[in-house]
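Trainee: Take this structure first; my questions come after.
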Amino acid sequence: MSTPIAPKTRMWKAAAVAAGLGLAMLSAGADAAPASGGDTVRGLYDALLGAMKNGRTLGQSGRFTQLEPVIRRSFDIPAMARLSVGASWAGLNEAQRQQVTDGFVRYISAIYADRFDSYAGQKLEVTGEQPSGGGVMVRSQIIKANGEPVRVDYMMRQSGDAWLIADIYLDGAISEVATRRSEFAAILKTEGIDGLVAALNRKADMLTGTSARAF
């Protein structure tokens with residue numbers, strides 16, 4: 001029997017409760033490289049707000065279609081996929097690495113499309129940036145509808161002129177990448193890389209009603 005990918009980690013449970021961030025829509029200059037890590041985070045949440053405000057009209061698959069390109073340009077997906085797979089990555093060929101990377105971005109995009117599905121006046125505040133481990137840590141808090149703040153920090157790495165999200169920390173706790181690595185390890189142990197790719201795409205399909213592209 002296939003080992004299921006956990007549908008809700010602690011990270012995403014809190015994100016679901018906090019869904020809805022009070023920021024403006026992406027500007028016409030959204031394709032320009034962000035000037036800072038904070039700009040990347042703001043751009044991500046601008047897009048999330050747009051998807052949430054139109055959540056019912058778009059539906060699950062519509063939100064996924066709208067958010068996937070934003071996830072691709074905001075996150076360092078190749079690095080996150082590599083670190084999430086862990087030591088097994090070294091033994092993969094290029095085709096397998098691409099399959100994992102594509103499955104990973106579909107899975108993450110599907111989670112965002114599922115969790116950030118409606119808006120109820122919540123707010124996001126970027127509270128600061130500071131150098132951290134060769135990158136920048138962007139600190140923020142999401143203010144829920146009841147006024148309760150949720151701390152969400154983003155580890156940013158510079159790639160050319162862009163600042164990309166390399167990891168996410170909820171309340172300063174365990175990283176999203178570490179959580180995924182633990183999650184994926186169980187699947188890799190029993191089903192190998194093909195099983196992991198299938199599990200990533202299967203979960204994305206279940207959440208959004210979309211289908212993976214043929215490789």
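Identifiers in this document derive from the order of the structure tokens: chains are assigned A, B, ..., residues are numbered from 1 separately in each chain, and ligands are numbered from 1 in order of occurrence.
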Hey, could you make a per-residue contact list for stretch 56-89 of chain A against stretch 199-210 of chain A with 7 Å as the cut-off, showing the nearest pair of atoms and its distance in Å to one decimal, counting only C-alpha atoms, sorted by chain and number, as a tab-separated table?
Mentor:
residue	atom	partner	partner_atom	distance
A:Gln60	CA	A:Thr208	CA	4.9
A:Ser61	CA	A:Thr208	CA	4.7
A:Phe64	CA	A:Thr208	CA	6.6
Trainee: Write a file of the just-selected residues containing all heavy atoms, as an mmCIF file, in the first residue's frame.
Mentor:
data_model
loop_
_atom_site.group_PDB
_atom_site.id
_atom_site.type_symbol
_atom_site.label_atom_id
_atom_site.label_comp_id
_atom_site.auth_asym_id
_atom_site.auth_seq_id
_atom_site.Cartn_x
_atom_site.Cartn_y
_atom_site.Cartn_z
ATOM 1 N N GLN A 60 -10.804 25.285 -6.573
ATOM 2 C CA GLN A 60 -9.502 24.717 -6.235
ATOM 3 C C GLN A 60 -8.542 24.738 -7.422
ATOM 4 O O GLN A 60 -7.402 25.174 -7.312
ATOM 5 C CB GLN A 60 -9.673 23.282 -5.742
ATOM 6 C CG GLN A 60 -10.367 23.143 -4.398
ATOM 7 C CD GLN A 60 -9.480 23.529 -3.236
ATOM 8 O OE1 GLN A 60 -9.478 24.676 -2.802
ATOM 9 N NE2 GLN A 60 -8.722 22.593 -2.718
ATOM 10 N N SER A 61 -8.999 24.262 -8.569
ATOM 11 C CA SER A 61 -8.109 24.174 -9.732
ATOM 12 C C SER A 61 -7.748 25.557 -10.245
ATOM 13 O O SER A 61 -6.619 25.778 -10.696
ATOM 14 C CB SER A 61 -8.746 23.339 -10.841
ATOM 15 O OG SER A 61 -9.948 23.929 -11.292
ATOM 16 N N PHE A 64 -5.110 27.005 -7.998
ATOM 17 C CA PHE A 64 -3.851 26.313 -8.289
ATOM 18 C C PHE A 64 -3.199 26.887 -9.547
ATOM 19 O O PHE A 64 -1.999 27.188 -9.562
ATOM 20 C CB PHE A 64 -4.105 24.816 -8.459
ATOM 21 C CG PHE A 64 -2.911 24.039 -8.937
ATOM 22 C CD1 PHE A 64 -1.952 23.607 -8.042
ATOM 23 C CD2 PHE A 64 -2.749 23.734 -10.279
ATOM 24 C CE1 PHE A 64 -0.846 22.892 -8.475
ATOM 25 C CE2 PHE A 64 -1.655 23.015 -10.717
ATOM 26 C CZ PHE A 64 -0.695 22.595 -9.816
#
Trainee: If we count only C-alpha atoms and set the cut-off at 10 Å, which residues sit around A:Gly147, ignoring sequence neighbours fewer than 4 positions away in its own chain? Please answer as a list of chain:residue names.
Mentor: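 The residues satisfying every condition are A:Gln122, A:Lys123, A:Ile142, A:Ile143.
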Trainee: For C-alpha atoms, I'd like the residues from the last selection saved as a PDB file, in the first residue's frame.
Mentor:
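The file below, again_9.pdb, is the result:
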ATOM      1  CA  GLN A 122      -6.554  38.970   8.067  1.00  0.00           C
ATOM      2  CA  LYS A 123      -3.311  40.886   7.691  1.00  0.00           C
ATOM      3  CA  ILE A 142       0.045  36.967  10.140  1.00  0.00           C
ATOM      4  CA  ILE A 143      -2.735  38.583  12.111  1.00  0.00           C
TER       5      ILE A 143
END
Trainee: Would you pick out the contacts of A:Lys53 at 9 Å or less, using only C-alpha atoms, so that residues sharing its chain but fewer than 6 positions from it are not included, and give the list as a PyMOL selection string?
Mentor: chain A and resi 20+117-120
Trainee: Could you save the residues just selected, with all heavy atoms, as a PDB file, in the first residue's frame?
Mentor:
ATOM      1  N   GLY A  20      -5.483  34.422   4.449  1.00  0.00           N
ATOM      2  CA  GLY A  20      -6.033  35.738   4.168  1.00  0.00           C
ATOM      3  C   GLY A  20      -5.075  36.813   4.607  1.00  0.00           C
ATOM      4  O   GLY A  20      -4.825  36.946   5.784  1.00  0.00           O
ATOM      5  N   ASP A 117      -7.941  29.808   0.660  1.00  0.00           N
ATOM      6  CA  ASP A 117      -9.097  29.727  -0.235  1.00  0.00           C
ATOM      7  C   ASP A 117     -10.146  30.797   0.007  1.00  0.00           C
ATOM      8  O   ASP A 117     -11.117  30.893  -0.735  1.00  0.00           O
ATOM      9  CB  ASP A 117      -9.741  28.343  -0.124  1.00  0.00           C
ATOM     10  CG  ASP A 117     -10.243  28.048   1.294  1.00  0.00           C
ATOM     11  OD1 ASP A 117      -9.930  28.827   2.211  1.00  0.00           O
ATOM     12  OD2 ASP A 117     -10.931  27.036   1.468  1.00  0.00           O
ATOM     13  N   SER A 118      -9.986  31.605   1.051  1.00  0.00           N
ATOM     14  CA  SER A 118     -10.980  32.643   1.337  1.00  0.00           C
ATOM     15  C   SER A 118     -10.337  33.753   2.151  1.00  0.00           C
ATOM     16  O   SER A 118      -9.297  33.568   2.776  1.00  0.00           O
ATOM     17  CB  SER A 118     -12.168  32.058   2.104  1.00  0.00           C
ATOM     18  OG  SER A 118     -11.746  31.530   3.353  1.00  0.00           O
ATOM     19  N   TYR A 119     -10.982  34.906   2.144  1.00  0.00           N
ATOM     20  CA  TYR A 119     -10.440  36.081   2.823  1.00  0.00           C
ATOM     21  C   TYR A 119     -11.428  36.591   3.867  1.00  0.00           C
ATOM     22  O   TYR A 119     -12.630  36.694   3.596  1.00  0.00           O
ATOM     23  CB  TYR A 119     -10.162  37.190   1.805  1.00  0.00           C
ATOM     24  CG  TYR A 119      -9.665  38.465   2.415  1.00  0.00           C
ATOM     25  CD1 TYR A 119      -8.392  38.545   2.954  1.00  0.00           C
ATOM     26  CD2 TYR A 119     -10.475  39.600   2.440  1.00  0.00           C
ATOM     27  CE1 TYR A 119      -7.925  39.724   3.524  1.00  0.00           C
ATOM     28  CE2 TYR A 119     -10.018  40.785   3.007  1.00  0.00           C
ATOM     29  CZ  TYR A 119      -8.739  40.844   3.546  1.00  0.00           C
ATOM     30  OH  TYR A 119      -8.291  42.003   4.100  1.00  0.00           O
ATOM     31  N   ALA A 120     -10.911  36.874   5.064  1.00  0.00           N
ATOM     32  CA  ALA A 120     -11.783  37.351   6.146  1.00  0.00           C
ATOM     33  C   ALA A 120     -11.160  38.529   6.888  1.00  0.00           C
ATOM     34  O   ALA A 120     -11.367  38.699   8.077  1.00  0.00           O
ATOM     35  CB  ALA A 120     -12.079  36.212   7.109  1.00  0.00           C
TER      36      ALA A 120
END
Trainee: Determine, using only C-alpha atoms, which residues of stretch 89-135 of chain A have any atom at most 12 Å from an atom of stretch 160-174 of chain A, and tabulate each with its shortest atom pair and distance in Å to one decimal place, rows ordered by chain and then rising number, as CSV.
Mentor:
residue,atom,partner,partner_atom,distance
A:Ser132,CA,A:Ala166,CA,12.0
A:Gly133,CA,A:Ala166,CA,11.6
A:Gly134,CA,A:Ala166,CA,11.6
A:Gly135,CA,A:Trp163,CA,9.0
Trainee: Output all heavy atoms of each residue in that selection to a file, as a PDB file, in the first residue's frame.
Mentor:
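Written file, out.pdb:
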ATOM      1  N   SER A 132      21.373  36.077   7.680  1.00  0.00           N
ATOM      2  CA  SER A 132      21.314  34.786   8.366  1.00  0.00           C
ATOM      3  C   SER A 132      21.876  33.698   7.470  1.00  0.00           C
ATOM      4  O   SER A 132      21.321  33.416   6.410  1.00  0.00           O
ATOM      5  CB  SER A 132      19.861  34.442   8.732  1.00  0.00           C
ATOM      6  OG  SER A 132      19.767  33.182   9.352  1.00  0.00           O
ATOM      7  N   GLY A 133      22.987  33.104   7.882  1.00  0.00           N
ATOM      8  CA  GLY A 133      23.542  31.949   7.198  1.00  0.00           C
ATOM      9  C   GLY A 133      23.773  32.121   5.718  1.00  0.00           C
ATOM     10  O   GLY A 133      23.444  31.240   4.935  1.00  0.00           O
ATOM     11  N   GLY A 134      24.332  33.234   5.301  1.00  0.00           N
ATOM     12  CA  GLY A 134      24.594  33.458   3.897  1.00  0.00           C
ATOM     13  C   GLY A 134      23.390  33.956   3.125  1.00  0.00           C
ATOM     14  O   GLY A 134      23.461  34.121   1.906  1.00  0.00           O
ATOM     15  N   GLY A 135      22.293  34.197   3.809  1.00  0.00           N
ATOM     16  CA  GLY A 135      21.094  34.728   3.173  1.00  0.00           C
ATOM     17  C   GLY A 135      20.479  35.798   4.047  1.00  0.00           C
ATOM     18  O   GLY A 135      21.166  36.508   4.782  1.00  0.00           O
TER      19      GLY A 135
END
Trainee: Go through stretch 162-183 of chain A residue by residue and, counting only C-alpha atoms, keep those with an atom at most 12 Å from stretch 102-110 of chain A; for each kept residue give the shortest atom pair and its distance in Å to one decimal, ordered by chain and increasing number, as JSON lines.
Mentor:
{"residue": "A:Glu176", "atom": "CA", "partner": "A:Ile108", "partner_atom": "CA", "distance": 10.8}
{"residue": "A:Val177", "atom": "CA", "partner": "A:Ile108", "partner_atom": "CA", "distance": 11.4}
{"residue": "A:Arg180", "atom": "CA", "partner": "A:Phe104", "partner_atom": "CA", "distance": 10.0}
{"residue": "A:Arg181", "atom": "CA", "partner": "A:Phe104", "partner_atom": "CA", "distance": 11.7}
Trainee: Would you kindly return, as number ranges by chain, each protein, DNA or RNA residue with an atom no farther than 12 Å from any atom of A:Glu94, considering only C-alpha atoms and excluding same-chain residues fewer than 5 positions away?
Mentor: A: 78, 82, 89, 99-101
Trainee: Kindly export the residues of the current selection with all heavy atoms, as a compact mmCIF listing (two decimals), in the first residue's frame.
Mentor:
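Contents of part-v9.txt, freshly written:
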# COMPACT_ATOMS: atom_id res chain seq x y z
N PRO A 78 14.13 24.08 -6.97
CA PRO A 78 15.13 23.02 -7.15
C PRO A 78 15.91 22.71 -5.87
O PRO A 78 16.12 21.54 -5.53
CB PRO A 78 16.04 23.56 -8.25
CG PRO A 78 15.16 24.49 -9.03
CD PRO A 78 14.29 25.14 -7.99
N ARG A 82 15.72 19.25 -3.66
CA ARG A 82 16.95 18.49 -3.40
C ARG A 82 17.13 18.24 -1.90
O ARG A 82 17.42 17.11 -1.48
CB ARG A 82 18.14 19.25 -3.96
CG ARG A 82 19.50 18.65 -3.61
CD ARG A 82 20.62 19.38 -4.31
NE ARG A 82 20.60 20.81 -4.05
CZ ARG A 82 21.10 21.40 -2.97
NH1 ARG A 82 21.65 20.66 -2.00
NH2 ARG A 82 21.06 22.71 -2.82
N TRP A 89 19.14 12.06 -3.32
CA TRP A 89 19.24 12.92 -4.50
C TRP A 89 20.47 12.60 -5.34
O TRP A 89 20.43 12.65 -6.57
CB TRP A 89 19.26 14.38 -4.07
CG TRP A 89 19.22 15.37 -5.19
CD1 TRP A 89 20.28 15.97 -5.82
CD2 TRP A 89 18.03 15.89 -5.83
NE1 TRP A 89 19.84 16.83 -6.79
CE2 TRP A 89 18.47 16.80 -6.82
CE3 TRP A 89 16.67 15.68 -5.65
CZ2 TRP A 89 17.57 17.50 -7.63
CZ3 TRP A 89 15.77 16.38 -6.45
CH2 TRP A 89 16.22 17.26 -7.43
N GLN A 99 11.59 15.21 -12.52
CA GLN A 99 10.28 14.69 -12.13
C GLN A 99 9.97 15.03 -10.67
O GLN A 99 8.84 15.43 -10.34
CB GLN A 99 10.22 13.18 -12.34
CG GLN A 99 10.18 12.78 -13.80
CD GLN A 99 10.21 11.27 -14.00
OE1 GLN A 99 10.25 10.52 -13.02
NE2 GLN A 99 10.21 10.83 -15.23
N VAL A 100 10.96 14.87 -9.80
CA VAL A 100 10.76 15.20 -8.40
C VAL A 100 10.51 16.70 -8.23
O VAL A 100 9.61 17.12 -7.50
CB VAL A 100 11.98 14.78 -7.55
CG1 VAL A 100 11.84 15.30 -6.12
CG2 VAL A 100 12.12 13.27 -7.53
N THR A 101 11.30 17.51 -8.93
CA THR A 101 11.15 18.95 -8.83
C THR A 101 9.77 19.40 -9.30
O THR A 101 9.10 20.23 -8.66
CB THR A 101 12.25 19.66 -9.64
OG1 THR A 101 13.53 19.27 -9.13
CG2 THR A 101 12.13 21.18 -9.53
Trainee: Name the residues of stretch 7-185 of chain A that fall into strand (DSSP E or B) according to DSSP on the backbone, using the chain letters and numbers of this document, as a PyMOL selection string.
Mentor: chain A and resi 75+123-132+135-143+149-159+162-170+175
Trainee: A:Gly62, A:Asn146, A:Gly195, A:Thr179: which is nearest A:Gly50, counting only C-alpha atoms?
Mentor: A:Gly62
Trainee: Figure out the distance between atom CA of A:Val197 and atom CA of A:Ala90, please, to one decimal in Å.
Mentor: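 Calculated distance between atom CA of A:Ala90 and atom CA of A:Val197 is 16.1 Å.
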Trainee: From the set A:Ile71, A:Ala35, A:Met52, A:Val85, which residue has the shortest atom-to-atom contact distance to A:Ala178, counting only C-alpha atoms?
Mentor: A:Val85
Trainee: Using only C-alpha atoms for the distances, tell me which of A:Lys144, A:Arg56, A:Arg115, A:Arg151 is nearest to A:Gly128.
Mentor: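 Among the listed residues, the smallest separation from A:Gly128 belongs to A:Arg151.
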Trainee: Once DSSP has gone over the backbone, tell me which residues of stretch 1-214 of chain A are in helix (DSSP H, G or I), as a PyMOL selection string.
Mentor: chain A and resi 10-17+37-53+55-74+77-91+94-115+176-208
Trainee: For the interface of stretch 88-145 of chain A with stretch 152-156 of chain A (cut-off 6 Å, counting only C-alpha atoms), please tabulate each contacting residue of stretch 88-145 of chain A alongside its nearest pair of atoms and their separation in Å to one decimal, rows sorted by chain and increasing number, as CSV.
Mentor:
residue,atom,partner,partner_atom,distance
A:Gly135,CA,A:Met156,CA,5.6
A:Val136,CA,A:Met156,CA,5.1
A:Met137,CA,A:Met155,CA,4.6
A:Val138,CA,A:Tyr154,CA,5.0
A:Arg139,CA,A:Asp153,CA,4.6
A:Ser140,CA,A:Val152,CA,5.4
A:Gln141,CA,A:Val152,CA,5.6
Trainee: To one decimal place, how far is atom CA of A:Glu129 from atom CA of A:Ser84 in Å?
Mentor: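 Between these atoms lies a distance of 24.9 Å.
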